[in-house]
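Shown next: final25.pdb, given as PDB, C-alpha atoms.
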ATOM      1  CA  MET A  42     102.511  65.162  78.983
ATOM      2  CA  GLY A  43     105.590  66.424  80.748
ATOM      3  CA  ALA A  44     109.103  65.109  80.400
ATOM      4  CA  MET A  45     108.687  63.216  83.646
ATOM      5  CA  MET A  46     106.175  60.961  81.924
ATOM      6  CA  GLU A  47     108.818  59.700  79.514
ATOM      7  CA  GLN A  48     111.203  58.301  82.083
ATOM      8  CA  ALA A  49     111.365  58.328  85.866
ATOM      9  CA  PRO A  50     114.617  59.577  87.396
ATOM     10  CA  VAL A  51     116.839  56.952  88.985
ATOM     11  CA  GLY A  52     115.546  55.971  92.401
ATOM     12  CA  ILE A  53     112.022  57.285  91.805
ATOM     13  CA  ASP A  54     109.070  54.895  91.769
ATOM     14  CA  PRO A  55     106.491  56.492  89.454
ATOM     15  CA  HIS A  56     103.827  54.083  90.704
ATOM     16  CA  VAL A  57     103.768  55.568  94.229
ATOM     17  CA  PRO A  58     101.787  58.822  94.343
ATOM     18  CA  ASN A  59     103.872  61.710  95.607
ATOM     19  CA  ALA A  60     102.395  64.631  97.572
ATOM     20  CA  ALA A  61     104.673  67.218  95.914
ATOM     21  CA  ARG A  62     103.824  65.975  92.419
ATOM     22  CA  MET A  63     100.108  65.883  93.286
ATOM     23  CA  TYR A  64     100.421  69.499  94.421
ATOM     24  CA  ASP A  65     102.079  70.247  91.077
ATOM     25  CA  TYR A  66      99.135  68.601  89.298
ATOM     26  CA  PHE A  67      96.629  70.669  91.287
ATOM     27  CA  LEU A  68      98.522  73.749  90.122
ATOM     28  CA  GLY A  69      98.260  72.641  86.489
ATOM     29  CA  GLY A  70     101.918  71.610  86.253
ATOM     30  CA  LYS A  71     103.414  68.800  84.222
ATOM     31  CA  ASP A  72     105.946  67.381  86.666
ATOM     32  CA  ASN A  73     103.824  64.405  87.677
ATOM     33  CA  PHE A  74     103.164  60.768  86.825
ATOM     34  CA  GLN A  75      99.974  58.872  86.107
ATOM     35  CA  ALA A  76      99.794  57.578  89.683
ATOM     36  CA  ASP A  77      99.969  61.154  90.985
ATOM     37  CA  ARG A  78      97.199  62.285  88.667
ATOM     38  CA  ASP A  79      94.971  59.328  89.452
ATOM     39  CA  LEU A  80      95.103  59.931  93.198
ATOM     40  CA  ALA A  81      94.778  63.683  92.735
ATOM     41  CA  GLU A  82      91.618  63.131  90.695
ATOM     42  CA  MET A  83      90.192  61.020  93.527
ATOM     43  CA  VAL A  84      90.822  63.939  95.878
ATOM     44  CA  LEU A  85      89.206  66.360  93.429
ATOM     45  CA  LYS A  86      86.063  64.247  93.281
ATOM     46  CA  VAL A  87      85.666  64.675  97.038
ATOM     47  CA  MET A  88      86.612  68.364  97.048
ATOM     48  CA  PRO A  89      86.577  69.914  93.544
ATOM     49  CA  ASP A  90      87.628  73.361  94.806
ATOM     50  CA  ILE A  91      90.939  72.033  96.082
ATOM     51  CA  ARG A  92      92.566  72.994  92.765
ATOM     52  CA  VAL A  93      91.550  76.622  93.327
ATOM     53  CA  GLY A  94      92.597  76.339  96.958
ATOM     54  CA  THR A  95      96.046  75.127  95.943
ATOM     55  CA  GLN A  96      96.426  78.015  93.508
ATOM     56  CA  GLU A  97      95.371  80.423  96.239
ATOM     57  CA  ASN A  98      98.008  78.945  98.531
ATOM     58  CA  ARG A  99     100.655  79.662  95.877
ATOM     59  CA  ALA A 100      99.462  83.251  95.646
ATOM     60  CA  LEU A 101      99.519  83.442  99.451
ATOM     61  CA  ILE A 102     103.207  82.502  99.474
ATOM     62  CA  GLY A 103     104.006  85.429  97.196
ATOM     63  CA  ARG A 104     102.056  87.879  99.374
ATOM     64  CA  VAL A 105     103.683  86.549 102.544
ATOM     65  CA  VAL A 106     107.167  86.959 101.073
ATOM     66  CA  LYS A 107     106.364  90.517  99.963
ATOM     67  CA  TYR A 108     105.033  91.301 103.442
ATOM     68  CA  LEU A 109     108.228  89.957 105.023
ATOM     69  CA  CYS A 110     110.395  91.945 102.627
ATOM     70  CA  ASP A 111     108.448  95.047 103.639
ATOM     71  CA  GLN A 112     109.377  94.269 107.267
ATOM     72  CA  GLY A 113     113.046  94.384 106.295
ATOM     73  CA  ILE A 114     113.652  90.629 106.130
ATOM     74  CA  THR A 115     116.409  89.698 103.688
ATOM     75  CA  GLN A 116     116.914  85.990 104.522
ATOM     76  CA  PHE A 117     114.428  83.235 103.773
ATOM     77  CA  LEU A 118     114.536  79.543 104.694
ATOM     78  CA  ASP A 119     111.746  77.682 102.888
ATOM     79  CA  LEU A 120     111.128  74.219 104.344
ATOM     80  CA  GLY A 121     109.283  71.604 102.291
ATOM     81  CA  SER A 122     109.471  73.937  99.324
ATOM     82  CA  GLY A 123     108.011  71.503  96.791
ATOM     83  CA  LEU A 124     108.396  71.608  93.035
ATOM     84  CA  PRO A 125     109.097  75.012  91.475
ATOM     85  CA  ALA A 126     106.006  76.880  90.316
ATOM     86  CA  ARG A 127     105.070  80.436  89.409
ATOM     87  CA  GLU A 128     106.197  83.182  91.781
ATOM     88  CA  ASN A 129     108.742  81.138  93.662
ATOM     89  CA  VAL A 130     110.044  82.565  96.924
ATOM     90  CA  HIS A 131     113.373  83.698  95.515
ATOM     91  CA  GLU A 132     111.725  85.398  92.554
ATOM     92  CA  VAL A 133     109.457  87.463  94.795
ATOM     93  CA  ALA A 134     112.188  88.186  97.336
ATOM     94  CA  LEU A 135     114.815  89.237  94.787
ATOM     95  CA  ARG A 136     112.295  91.444  93.015
ATOM     96  CA  HIS A 137     111.808  93.432  96.216
ATOM     97  CA  ILE A 138     115.265  93.020  97.774
ATOM     98  CA  PRO A 139     117.996  92.395  95.175
ATOM     99  CA  ASP A 140     120.492  91.143  97.765
ATOM    100  CA  ALA A 141     118.059  88.781  99.488
ATOM    101  CA  ARG A 142     119.199  85.250 100.343
ATOM    102  CA  VAL A 143     116.894  82.257  99.906
ATOM    103  CA  VAL A 144     117.463  78.594 100.778
ATOM    104  CA  TYR A 145     114.955  75.941  99.752
ATOM    105  CA  VAL A 146     114.882  72.663 101.675
ATOM    106  CA  ASP A 147     113.111  69.493 100.543
ATOM    107  CA  ASN A 148     113.845  65.803 100.976
ATOM    108  CA  ASP A 149     112.307  64.795  97.633
ATOM    109  CA  PRO A 150     115.066  64.047  95.076
ATOM    110  CA  VAL A 151     112.926  65.222  92.142
ATOM    111  CA  VAL A 152     112.164  68.496  93.912
ATOM    112  CA  ALA A 153     115.864  68.986  94.662
ATOM    113  CA  THR A 154     116.872  68.306  91.046
ATOM    114  CA  HIS A 155     114.265  70.648  89.599
ATOM    115  CA  GLY A 156     115.054  73.297  92.190
ATOM    116  CA  ARG A 157     118.751  73.320  91.385
ATOM    117  CA  ALA A 158     118.003  73.534  87.657
ATOM    118  CA  LEU A 159     115.854  76.603  88.310
ATOM    119  CA  LEU A 160     118.400  78.585  90.262
ATOM    120  CA  ALA A 161     120.052  81.335  88.270
ATOM    121  CA  ALA A 162     121.714  83.094  91.221
ATOM    122  CA  PRO A 163     123.647  80.457  93.215
ATOM    123  CA  ASP A 164     125.382  83.171  95.226
ATOM    124  CA  ARG A 165     121.980  84.227  96.593
ATOM    125  CA  VAL A 166     119.787  81.120  96.266
ATOM    126  CA  ALA A 167     120.381  77.468  97.167
ATOM    127  CA  MET A 168     118.441  74.200  97.018
ATOM    128  CA  VAL A 169     119.267  71.759  99.811
ATOM    129  CA  ARG A 170     118.079  68.178  99.884
ATOM    130  CA  ALA A 171     117.400  67.516 103.547
ATOM    131  CA  ASP A 172     114.601  66.410 105.838
ATOM    132  CA  ALA A 173     112.808  69.337 107.479
ATOM    133  CA  ARG A 174     111.881  67.039 110.369
ATOM    134  CA  ARG A 175     115.560  67.020 111.377
ATOM    135  CA  PRO A 176     116.331  70.610 112.428
ATOM    136  CA  GLU A 177     119.977  70.026 113.292
ATOM    137  CA  GLU A 178     120.614  68.520 109.865
ATOM    138  CA  VAL A 179     119.028  71.511 108.150
ATOM    139  CA  LEU A 180     120.412  74.245 110.378
ATOM    140  CA  ASN A 181     123.980  72.920 110.152
ATOM    141  CA  ASP A 182     123.987  72.143 106.452
ATOM    142  CA  PRO A 183     126.962  73.941 104.835
ATOM    143  CA  ALA A 184     124.842  75.391 102.025
ATOM    144  CA  VAL A 185     122.341  76.757 104.547
ATOM    145  CA  ARG A 186     125.119  78.240 106.672
ATOM    146  CA  GLU A 187     126.786  79.779 103.651
ATOM    147  CA  LEU A 188     123.751  81.895 102.791
ATOM    148  CA  ILE A 189     121.841  82.289 106.061
ATOM    149  CA  ASP A 190     123.233  84.216 109.037
ATOM    150  CA  PHE A 191     121.228  83.009 112.033
ATOM    151  CA  ASP A 192     122.526  85.882 114.143
ATOM    152  CA  ARG A 193     120.272  88.140 112.065
ATOM    153  CA  PRO A 194     116.494  87.920 111.482
ATOM    154  CA  VAL A 195     115.347  85.132 109.172
ATOM    155  CA  ALA A 196     111.949  84.316 107.671
ATOM    156  CA  LEU A 197     111.215  80.629 108.181
ATOM    157  CA  LEU A 198     108.521  79.411 105.807
ATOM    158  CA  MET A 199     106.495  76.249 106.436
ATOM    159  CA  MET A 200     103.858  76.668 103.788
ATOM    160  CA  PHE A 201     101.677  73.651 103.009
ATOM    161  CA  LEU A 202     104.178  71.439 104.851
ATOM    162  CA  LEU A 203     103.102  70.520 108.368
ATOM    163  CA  HIS A 204      99.813  68.880 107.416
ATOM    164  CA  LEU A 205     101.943  66.282 105.618
ATOM    165  CA  VAL A 206     103.750  65.441 108.870
ATOM    166  CA  PRO A 207     102.078  62.978 111.279
ATOM    167  CA  ASP A 208     102.070  63.502 115.031
ATOM    168  CA  GLU A 209     104.453  60.578 115.539
ATOM    169  CA  ASP A 210     107.163  62.679 113.850
ATOM    170  CA  ASP A 211     106.726  65.267 116.646
ATOM    171  CA  PRO A 212     106.074  68.347 114.504
ATOM    172  CA  GLN A 213     105.521  70.526 117.582
ATOM    173  CA  GLY A 214     108.946  69.492 118.847
ATOM    174  CA  PHE A 215     110.937  70.095 115.690
ATOM    175  CA  VAL A 216     109.161  73.382 114.913
ATOM    176  CA  ALA A 217     110.091  74.548 118.427
ATOM    177  CA  ARG A 218     113.726  73.716 117.696
ATOM    178  CA  TYR A 219     113.642  75.930 114.609
ATOM    179  CA  ARG A 220     112.049  78.750 116.603
ATOM    180  CA  GLU A 221     114.820  78.507 119.179
ATOM    181  CA  ALA A 222     117.491  78.781 116.468
ATOM    182  CA  LEU A 223     116.109  82.044 115.066
ATOM    183  CA  ALA A 224     117.298  85.478 116.115
ATOM    184  CA  PRO A 225     114.874  87.965 117.684
ATOM    185  CA  GLY A 226     112.953  89.816 114.977
ATOM    186  CA  SER A 227     112.721  86.658 112.866
ATOM    187  CA  TYR A 228     109.411  85.479 111.447
ATOM    188  CA  LEU A 229     107.690  82.112 111.139
ATOM    189  CA  ALA A 230     105.050  81.748 108.416
ATOM    190  CA  ILE A 231     102.784  78.696 108.308
ATOM    191  CA  SER A 232      99.888  77.599 106.126
ATOM    192  CA  HIS A 233      98.099  74.440 107.215
ATOM    193  CA  VAL A 234      94.871  72.630 106.400
ATOM    194  CA  GLY A 235      92.505  72.496 109.367
ATOM    195  CA  SER A 236      90.276  69.680 110.534
ATOM    196  CA  ASP A 237      87.590  71.903 112.070
ATOM    197  CA  THR A 238      85.557  72.159 108.860
ATOM    198  CA  ALA A 239      84.076  69.482 106.549
ATOM    199  CA  PRO A 240      85.285  66.581 108.735
ATOM    200  CA  GLU A 241      83.857  63.876 106.444
ATOM    201  CA  GLN A 242      85.603  65.255 103.370
ATOM    202  CA  VAL A 243      88.824  65.687 105.329
ATOM    203  CA  ARG A 244      88.631  62.084 106.541
ATOM    204  CA  ARG A 245      88.137  60.745 103.008
ATOM    205  CA  ILE A 246      91.042  62.761 101.647
ATOM    206  CA  SER A 247      93.240  61.561 104.522
ATOM    207  CA  ASP A 248      92.310  57.998 103.581
ATOM    208  CA  PHE A 249      93.342  58.631  99.962
ATOM    209  CA  TYR A 250      96.736  59.991 101.022
ATOM    210  CA  GLN A 251      97.528  56.692 102.730
ATOM    211  CA  GLN A 252      98.401  55.542  99.193
ATOM    212  CA  ALA A 253     100.903  58.395  98.785
ATOM    213  CA  ASN A 254     104.443  58.925 100.037
ATOM    214  CA  ALA A 255     103.248  61.268 102.787
ATOM    215  CA  PRO A 256     100.112  61.231 104.931
ATOM    216  CA  PHE A 257      97.550  64.036 105.029
ATOM    217  CA  CYS A 258      97.262  65.255 108.624
ATOM    218  CA  PRO A 259      94.959  68.268 109.012
ATOM    219  CA  ARG A 260      94.739  69.633 112.541
ATOM    220  CA  PRO A 261      92.363  71.805 114.573
ATOM    221  CA  GLY A 262      93.129  75.491 114.751
ATOM    222  CA  ASP A 263      94.396  75.417 118.352
ATOM    223  CA  GLU A 264      97.040  72.832 117.449
ATOM    224  CA  ILE A 265      98.117  74.889 114.442
ATOM    225  CA  ALA A 266      98.359  78.022 116.598
ATOM    226  CA  ALA A 267     100.623  76.108 119.001
ATOM    227  CA  PHE A 268     103.303  75.838 116.295
ATOM    228  CA  PHE A 269     104.013  79.548 116.836
ATOM    229  CA  GLY A 270     104.943  79.131 120.506
ATOM    230  CA  ASP A 271     105.657  82.559 122.019
ATOM    231  CA  PHE A 272     106.022  84.260 118.637
ATOM    232  CA  GLU A 273     103.725  87.281 118.286
ATOM    233  CA  LEU A 274     101.156  86.702 115.551
ATOM    234  CA  ILE A 275     100.506  89.628 113.254
ATOM    235  CA  PRO A 276      96.846  90.705 112.982
ATOM    236  CA  PRO A 277      94.389  89.088 112.795
ATOM    237  CA  GLY A 278      96.255  86.179 114.383
ATOM    238  CA  LEU A 279      95.758  82.728 112.905
ATOM    239  CA  ALA A 280      93.763  83.636 109.803
ATOM    240  CA  THR A 281      91.063  81.584 108.126
ATOM    241  CA  GLY A 282      88.119  82.238 105.832
ATOM    242  CA  LEU A 283      87.351  85.160 103.551
ATOM    243  CA  GLY A 284      86.074  87.801 105.977
ATOM    244  CA  GLU A 285      87.262  91.401 105.809
ATOM    245  CA  GLU A 286      89.015  90.917 109.128
ATOM    246  CA  THR A 287      91.418  88.465 107.486
ATOM    247  CA  GLY A 288      93.065  91.127 105.345
ATOM    248  CA  TRP A 289      96.455  91.407 103.652
ATOM    249  CA  PRO A 290      98.643  89.409 103.251
ATOM    250  CA  PHE A 291      96.384  86.443 103.978
ATOM    251  CA  ILE A 292      93.935  87.479 101.278
ATOM    252  CA  ASP A 293      94.177  90.105  98.562
ATOM    253  CA  PRO A 294      91.227  92.474  99.113
ATOM    254  CA  ASP A 295      91.555  93.749  95.545
ATOM    255  CA  ASN A 296      91.361  90.227  94.107
ATOM    256  CA  PRO A 297      89.302  88.111  96.501
ATOM    257  CA  PRO A 298      89.450  84.412  95.665
ATOM    258  CA  VAL A 299      86.470  82.800  93.970
ATOM    259  CA  ILE A 300      86.344  79.868  96.309
ATOM    260  CA  ASP A 301      83.837  78.045  98.471
ATOM    261  CA  GLU A 302      83.666  79.597 101.952
ATOM    262  CA  GLU A 303      83.813  76.172 103.595
ATOM    263  CA  LEU A 304      87.045  75.340 101.765
ATOM    264  CA  ALA A 305      88.431  78.766 102.661
ATOM    265  CA  ARG A 306      87.737  78.043 106.340
ATOM    266  CA  MET A 307      89.656  74.778 106.022
ATOM    267  CA  GLY A 308      92.815  76.738 105.373
ATOM    268  CA  TYR A 309      94.752  78.392 108.196
ATOM    269  CA  ALA A 310      97.659  80.783 107.808
ATOM    270  CA  GLY A 311      99.694  82.829 110.233
ATOM    271  CA  ILE A 312     102.847  84.898 110.507
ATOM    272  CA  GLY A 313     104.545  85.161 113.870
ATOM    273  CA  ARG A 314     107.441  87.388 114.917
ATOM    274  CA  LYS A 315     110.021  86.332 117.476
ATOM    275  CA  PRO A 316     110.003  88.919 120.265
ATOM    276  CA  SER A 317     113.143  90.828 121.134
TER     277      SER A 317
END

Could you express the structure from this file as structure tokens?
Amino acid sequence: MGAMMEQAPVGIDPHVPNAARMYDYFLGGKDNFQADRDLAEMVLKVMPDIRVGTQENRALIGRVVKYLCDQGITQFLDLGSGLPARENVHEVALRHIPDARVVYVDNDPVVATHGRALLAAPDRVAMVRADARRPEEVLNDPAVRELIDFDRPVALLMMFLLHLVPDEDDPQGFVARYREALAPGSYLAISHVGSDTAPEQVRRISDFYQQANAPFCPRPGDEIAAFFGDFELIPPGLATGLGEETGWPFIDPDNPPVIDEELARMGYAGIGRKPS
């Protein structure tokens, strides 16, 4: 059992399952409570491969960050960053670009506390507790402004975030506001669970998440593609599945995931570049 099992931080209800802590449990982490594990196990009974899928999503984040570094990006804004895990964004970015700047944003107090404890380079990395659904709040936060220069290209990461945001929160609208704030040459990276595949399993999992602090809102591929607006998607476009056409960085051809093809097709990922 992790330290979190001994005592819940002030203001945290350990009896309400939390999407970030469930994600941590799927990854094999210890920053979760019994309620998180119980609901996560219900999800696993419906879709056992989701643990592997979650691990693959973590690996995807690392590949995406490396790809963006290779494009010359030195600034990263990671929205809905979740609890720290292996190969965090700043670790990958600083390994490839020592003077990179990374800001994590999450509205979960436990995530914010753990994130700040992790940071060893406060002059290059920051953890901001803010709500990603409120672009003005995030974009004007002093800690964000201190590290991120929005007159230069930025990589905006929304990995495993938007399918936890219901339509009534207008995700298309607030994502568009972020796109508008980015300089030409910036990138938007999104991973999102789709609703095109295994609809019965998706429906059951969505029902389970009604017990959690955030809903589970998978969307069809065309709605996910719309988040990129006029950004130019890198090949092969909005990627899904395990086919050779998917390619790096969406899959690692040298280490293809051992995962059910149907689950792989549930996951969408894309990287779009803001045109000049």

Selected residue, from A:Phe201, A:Trp289, A:Phe269, A:Tyr108, that lies nearest to Gly308 (chain A) when counting only C-alpha atoms: A:Phe201

Which of A:Ala280, A:Val87, A:Val299, A:Met168 sits closest to Arg142 (chain A) [using only C-alpha atoms]: A:Met168

Test item: the PyMOL selection byres ((chain A and resi 103) around 12) resolved as a PyMOL selection string: chain A and resi 96-102+104-110+126-137+198+200+230+289-293

Resolved residues for the PyMOL selection byres ((chain A and resi 77) around 8) as a list in words: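 Selected by the PyMOL selection byres ((chain A and resi 77) around 8) here: Val57, Pro58, Asn59, Ala60, Arg62, Met63, Tyr66, Asn73, Phe74, Gln75, Ala76, Arg78, Asp79, Leu80 and Ala81 of chain A.
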
Atom pair CA of Ser122 (chain A) / CA of Val152 (chain A): separation (Å):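 Calculated distance between CA of Ser122 (chain A) and CA of Val152 (chain A) is 8.1 Å.
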
Distance of CA of Arg220 (chain A) from CA of Leu274 (chain A), expressed in Å to one decimal place: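 CA of Arg220 (chain A) lies 13.5 Å from CA of Leu274 (chain A).
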
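Our summary of the geometry notes that CA of Pro150 (chain A) is positioned 19.7 Å from CA of Tyr250 (chain A).
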
8 Å contact set for Val166 (chain A), all atoms listed in the file, chain neighbours under 6 positions out, as a PyMOL selection string: chain A and resi 131+142-145+160+188

Grab the residues selected above and save them as a CSV table (one decimal), in the frame of the given file with C-alpha atoms.
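Once everything was written out, this is selection-v1.csv:
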chain,number,residue,atom,x,y,z
A,131,HIS,CA,113.4,83.7,95.5
A,142,ARG,CA,119.2,85.2,100.3
A,143,VAL,CA,116.9,82.3,99.9
A,144,VAL,CA,117.5,78.6,100.8
A,145,TYR,CA,115.0,75.9,99.8
A,160,LEU,CA,118.4,78.6,90.3
A,188,LEU,CA,123.8,81.9,102.8

Chain and number of each residue from the PyMOL selection byres ((chain A and resi 205) around 12), as a PyMOL selection string: chain A and resi 59-61+64+121+123+173-174+199-204+206-210+212+232-235+247+250-251+253-260

Give me a file of those residues, with C-alpha atoms, as an mmCIF file, in the frame of the given file.
data_model
loop_
_atom_site.group_PDB
_atom_site.id
_atom_site.type_symbol
_atom_site.label_atom_id
_atom_site.label_comp_id
_atom_site.auth_asym_id
_atom_site.auth_seq_id
_atom_site.Cartn_x
_atom_site.Cartn_y
_atom_site.Cartn_z
ATOM 1 C CA ASN A 59 103.872 61.710 95.607
ATOM 2 C CA ALA A 60 102.395 64.631 97.572
ATOM 3 C CA ALA A 61 104.673 67.218 95.914
ATOM 4 C CA TYR A 64 100.421 69.499 94.421
ATOM 5 C CA GLY A 121 109.283 71.604 102.291
ATOM 6 C CA GLY A 123 108.011 71.503 96.791
ATOM 7 C CA ALA A 173 112.808 69.337 107.479
ATOM 8 C CA ARG A 174 111.881 67.039 110.369
ATOM 9 C CA MET A 199 106.495 76.249 106.436
ATOM 10 C CA MET A 200 103.858 76.668 103.788
ATOM 11 C CA PHE A 201 101.677 73.651 103.009
ATOM 12 C CA LEU A 202 104.178 71.439 104.851
ATOM 13 C CA LEU A 203 103.102 70.520 108.368
ATOM 14 C CA HIS A 204 99.813 68.880 107.416
ATOM 15 C CA VAL A 206 103.750 65.441 108.870
ATOM 16 C CA PRO A 207 102.078 62.978 111.279
ATOM 17 C CA ASP A 208 102.070 63.502 115.031
ATOM 18 C CA GLU A 209 104.453 60.578 115.539
ATOM 19 C CA ASP A 210 107.163 62.679 113.850
ATOM 20 C CA PRO A 212 106.074 68.347 114.504
ATOM 21 C CA SER A 232 99.888 77.599 106.126
ATOM 22 C CA HIS A 233 98.099 74.440 107.215
ATOM 23 C CA VAL A 234 94.871 72.630 106.400
ATOM 24 C CA GLY A 235 92.505 72.496 109.367
ATOM 25 C CA SER A 247 93.240 61.561 104.522
ATOM 26 C CA TYR A 250 96.736 59.991 101.022
ATOM 27 C CA GLN A 251 97.528 56.692 102.730
ATOM 28 C CA ALA A 253 100.903 58.395 98.785
ATOM 29 C CA ASN A 254 104.443 58.925 100.037
ATOM 30 C CA ALA A 255 103.248 61.268 102.787
ATOM 31 C CA PRO A 256 100.112 61.231 104.931
ATOM 32 C CA PHE A 257 97.550 64.036 105.029
ATOM 33 C CA CYS A 258 97.262 65.255 108.624
ATOM 34 C CA PRO A 259 94.959 68.268 109.012
ATOM 35 C CA ARG A 260 94.739 69.633 112.541
#

Counting all atoms listed in the file, the option among A:Thr95, A:Asn148, A:Ser317, A:Thr238 closest to Asp65 (chain A):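 Smallest separation from Asp65 (chain A) among the options: A:Thr95.
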
Residue among A:Met307, A:Ala267, A:Ile312, A:Ala49 lying closest to Gln213 (chain A), counting all atoms listed in the file: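 For Gln213 (chain A), the nearest of the candidates is A:Ala267.
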
Which residue of A:Glu221, A:Asp90, A:Glu264, A:Glu303 approaches Leu283 (chain A) most closely, using only C-alpha atoms: A:Glu303
